[in-house]
Amino acid sequence: MTEPMFRNSYADSQRAGAYAGLQFPGTYHLAFRDLPALIGPVAPGDTALDFGCGAGRSSRFLRDLGFRVTGVDISADMLAHARAADPAGDYHLVPDGDLSSLDRAGYAVALCAFTFDNVPSEARKVALFTGLRRSLRTGGRIVNVVSAAELYRHDWTSFITTKFPSNATARAGDLVYTEMLDVPDRRPVEDILWPDEEYRRVYTAAGLRVSRVLHPLGHADEPFVWVNELTVAPWTIYELTAIE
């Protein structure tokens, strides 16, 4: 599989500023709605790693669940917004692909919210998941929230994707595009298509197993005007644990 020419859309000061104010609107609501039940009770002192924390939205989410949170990202622009919104938070810049600075065997949970939509190759994904596995304490879990392949073939409350014809024929590893509707920056966002079967191969190679998987759908009584969310899941949420 050839690695595409890819530039992380969020490593951009204008995009970072637009994304920093985004909370949990519309389609994004479904990515986070079921995480508290999936993660379960948080014991006093439990630590969480927010891998690819961006502007800190997911770090604050974990903090509100009761975790002591460390957020890491490769984008200095995003981290500047995270620190501005959460001055008491623990945020760190890490080199792309380098997890050597993370605590070893320390975290109860490592959350990756959309991070792997922007990791372009199987080898890099395997290396990162291997590093994340090593950062967990015994019994710890990785929660990986990713865009389902279907996200790029439908339109949604928060995204337009069908205006990009190449999305319809994209295969694993190809560039795919969305236009975000909840932020003022409407430039296309580039992601890497990575279907379920490809993720499962990566997990096995990294010494992980899928313990649970969620395909969150919208509910008719939620305060959003759903487009396709009632019948098609835009996100896939994997709970991963180390293979013994």
# chains A, B, ... in the order shown; residues from 1 in each chain; ligands from 1
>>> residues_around(residues="stretch 169-183 of chain A", least_positions_apart="2", cutoff="7 Å", atoms="only C-alpha atoms", output="list in words")
Met1, Glu3, Pro4, Ala18, Tyr19, Pro120, Ser121, Tyr152, Ser158, Phe159, Ile160, Thr161, Phe164, Ser166, Asn167, Asp185, Arg186, Arg187, Pro188, Val189, Glu190, Asp191, Ile192, Leu193, Trp194 and Pro195 of chain A
>>> write_last_selection(atoms="C-alpha atoms", output="mmCIF file, in the first residue's frame")
data_model
loop_
_atom_site.group_PDB
_atom_site.id
_atom_site.type_symbol
_atom_site.label_atom_id
_atom_site.label_comp_id
_atom_site.auth_asym_id
_atom_site.auth_seq_id
_atom_site.Cartn_x
_atom_site.Cartn_y
_atom_site.Cartn_z
ATOM 1 C CA MET A 1 0.000 0.000 0.000
ATOM 2 C CA GLU A 3 1.552 6.099 1.394
ATOM 3 C CA PRO A 4 -0.321 9.079 -0.115
ATOM 4 C CA ALA A 18 -11.528 27.473 13.876
ATOM 5 C CA TYR A 19 -11.435 24.014 15.441
ATOM 6 C CA PRO A 120 -1.134 7.756 6.732
ATOM 7 C CA SER A 121 0.375 4.250 6.694
ATOM 8 C CA TYR A 152 -17.030 9.722 3.350
ATOM 9 C CA SER A 158 -21.920 18.383 10.500
ATOM 10 C CA PHE A 159 -20.235 17.426 7.202
ATOM 11 C CA ILE A 160 -20.562 17.400 3.450
ATOM 12 C CA THR A 161 -18.664 14.598 1.730
ATOM 13 C CA PHE A 164 -15.902 15.099 -3.486
ATOM 14 C CA SER A 166 -13.169 10.580 -5.407
ATOM 15 C CA ASN A 167 -14.563 9.616 -1.979
ATOM 16 C CA ASP A 185 -13.112 27.398 8.003
ATOM 17 C CA ARG A 186 -14.800 25.522 5.155
ATOM 18 C CA ARG A 187 -11.642 24.394 3.372
ATOM 19 C CA PRO A 188 -11.698 20.632 2.646
ATOM 20 C CA VAL A 189 -10.231 18.446 5.358
ATOM 21 C CA GLU A 190 -8.004 15.574 4.212
ATOM 22 C CA ASP A 191 -8.222 12.217 5.977
ATOM 23 C CA ILE A 192 -6.913 8.741 5.219
ATOM 24 C CA LEU A 193 -9.520 6.064 4.516
ATOM 25 C CA TRP A 194 -8.929 3.074 6.791
ATOM 26 C CA PRO A 195 -11.757 0.512 6.913
#
>>> residues_around(residues="stretch 109-119 of chain A", least_positions_apart="6", cutoff="8 Å", atoms="only C-alpha atoms", output="PyMOL selection string")
chain A and resi 8+47-53+58+125+132+136+140-147+190-194
>>> atom_distance(atom1="atom CA of A:Ala242", atom2="atom CA of A:His29")
28.2 Å
>>> residues_around(residues="stretch 33-41 of chain A", least_positions_apart="6", cutoff="10 Å", atoms="only C-alpha atoms", output="PyMOL selection string")
chain A and resi 24+61-62+65-66+108-109+111+141-143+145+212-216+218+237-239
>>> atom_distance(atom1="atom CA of A:Leu208", atom2="atom CA of A:Arg137")
13.8 Å
>>> decode(residues="stretch 159-179 of chain A", atoms="N, CA and C atoms", output="PDB file, in the first residue's frame")
ATOM      1  N   PHE A 159     -21.200  17.564   8.299  1.00  0.00           N
ATOM      2  CA  PHE A 159     -20.235  17.426   7.202  1.00  0.00           C
ATOM      3  C   PHE A 159     -20.928  17.301   5.862  1.00  0.00           C
ATOM      4  N   ILE A 160     -20.235  17.753   4.830  1.00  0.00           N
ATOM      5  CA  ILE A 160     -20.562  17.400   3.450  1.00  0.00           C
ATOM      6  C   ILE A 160     -19.407  16.567   2.924  1.00  0.00           C
ATOM      7  N   THR A 161     -19.714  15.424   2.333  1.00  0.00           N
ATOM      8  CA  THR A 161     -18.664  14.598   1.730  1.00  0.00           C
ATOM      9  C   THR A 161     -18.951  14.242   0.278  1.00  0.00           C
ATOM     10  N   THR A 162     -20.222  14.278  -0.136  1.00  0.00           N
ATOM     11  CA  THR A 162     -20.571  13.796  -1.469  1.00  0.00           C
ATOM     12  C   THR A 162     -20.157  14.770  -2.568  1.00  0.00           C
ATOM     13  N   LYS A 163     -19.753  15.984  -2.215  1.00  0.00           N
ATOM     14  CA  LYS A 163     -19.265  16.912  -3.232  1.00  0.00           C
ATOM     15  C   LYS A 163     -17.867  16.545  -3.722  1.00  0.00           C
ATOM     16  N   PHE A 164     -17.241  15.549  -3.091  1.00  0.00           N
ATOM     17  CA  PHE A 164     -15.902  15.099  -3.486  1.00  0.00           C
ATOM     18  C   PHE A 164     -16.036  13.732  -4.163  1.00  0.00           C
ATOM     19  N   PRO A 165     -16.106  13.688  -5.493  1.00  0.00           N
ATOM     20  CA  PRO A 165     -16.399  12.430  -6.203  1.00  0.00           C
ATOM     21  C   PRO A 165     -15.420  11.310  -5.898  1.00  0.00           C
ATOM     22  N   SER A 166     -14.162  11.634  -5.640  1.00  0.00           N
ATOM     23  CA  SER A 166     -13.169  10.580  -5.407  1.00  0.00           C
ATOM     24  C   SER A 166     -13.455   9.787  -4.133  1.00  0.00           C
ATOM     25  N   ASN A 167     -14.232  10.353  -3.201  1.00  0.00           N
ATOM     26  CA  ASN A 167     -14.563   9.616  -1.979  1.00  0.00           C
ATOM     27  C   ASN A 167     -15.286   8.307  -2.291  1.00  0.00           C
ATOM     28  N   ALA A 168     -16.134   8.328  -3.326  1.00  0.00           N
ATOM     29  CA  ALA A 168     -16.988   7.173  -3.614  1.00  0.00           C
ATOM     30  C   ALA A 168     -16.193   5.952  -4.048  1.00  0.00           C
ATOM     31  N   THR A 169     -15.017   6.158  -4.607  1.00  0.00           N
ATOM     32  CA  THR A 169     -14.211   5.037  -5.106  1.00  0.00           C
ATOM     33  C   THR A 169     -12.926   4.828  -4.304  1.00  0.00           C
ATOM     34  N   ALA A 170     -12.770   5.577  -3.216  1.00  0.00           N
ATOM     35  CA  ALA A 170     -11.547   5.485  -2.415  1.00  0.00           C
ATOM     36  C   ALA A 170     -11.401   4.098  -1.805  1.00  0.00           C
ATOM     37  N   ARG A 171     -10.152   3.660  -1.718  1.00  0.00           N
ATOM     38  CA  ARG A 171      -9.823   2.376  -1.104  1.00  0.00           C
ATOM     39  C   ARG A 171      -8.923   2.623   0.106  1.00  0.00           C
ATOM     40  N   ALA A 172      -8.652   1.575   0.846  1.00  0.00           N
ATOM     41  CA  ALA A 172      -7.844   1.706   2.062  1.00  0.00           C
ATOM     42  C   ALA A 172      -6.533   2.410   1.758  1.00  0.00           C
ATOM     43  N   GLY A 173      -6.236   3.442   2.543  1.00  0.00           N
ATOM     44  CA  GLY A 173      -5.004   4.198   2.383  1.00  0.00           C
ATOM     45  C   GLY A 173      -5.118   5.412   1.492  1.00  0.00           C
ATOM     46  N   ASP A 174      -6.262   5.571   0.792  1.00  0.00           N
ATOM     47  CA  ASP A 174      -6.446   6.723  -0.096  1.00  0.00           C
ATOM     48  C   ASP A 174      -6.852   7.962   0.691  1.00  0.00           C
ATOM     49  N   LEU A 175      -6.585   9.125   0.105  1.00  0.00           N
ATOM     50  CA  LEU A 175      -7.076  10.373   0.669  1.00  0.00           C
ATOM     51  C   LEU A 175      -8.586  10.480   0.461  1.00  0.00           C
ATOM     52  N   VAL A 176      -9.278  10.958   1.478  1.00  0.00           N
ATOM     53  CA  VAL A 176     -10.703  11.252   1.407  1.00  0.00           C
ATOM     54  C   VAL A 176     -10.926  12.636   2.003  1.00  0.00           C
ATOM     55  N   TYR A 177     -12.074  13.239   1.693  1.00  0.00           N
ATOM     56  CA  TYR A 177     -12.259  14.659   1.996  1.00  0.00           C
ATOM     57  C   TYR A 177     -13.620  14.907   2.624  1.00  0.00           C
ATOM     58  N   THR A 178     -13.641  15.868   3.546  1.00  0.00           N
ATOM     59  CA  THR A 178     -14.891  16.355   4.129  1.00  0.00           C
ATOM     60  C   THR A 178     -14.864  17.874   4.145  1.00  0.00           C
ATOM     61  N   GLU A 179     -16.052  18.445   4.174  1.00  0.00           N
ATOM     62  CA  GLU A 179     -16.203  19.873   4.436  1.00  0.00           C
ATOM     63  C   GLU A 179     -16.995  20.016   5.725  1.00  0.00           C
TER      64      GLU A 179
END
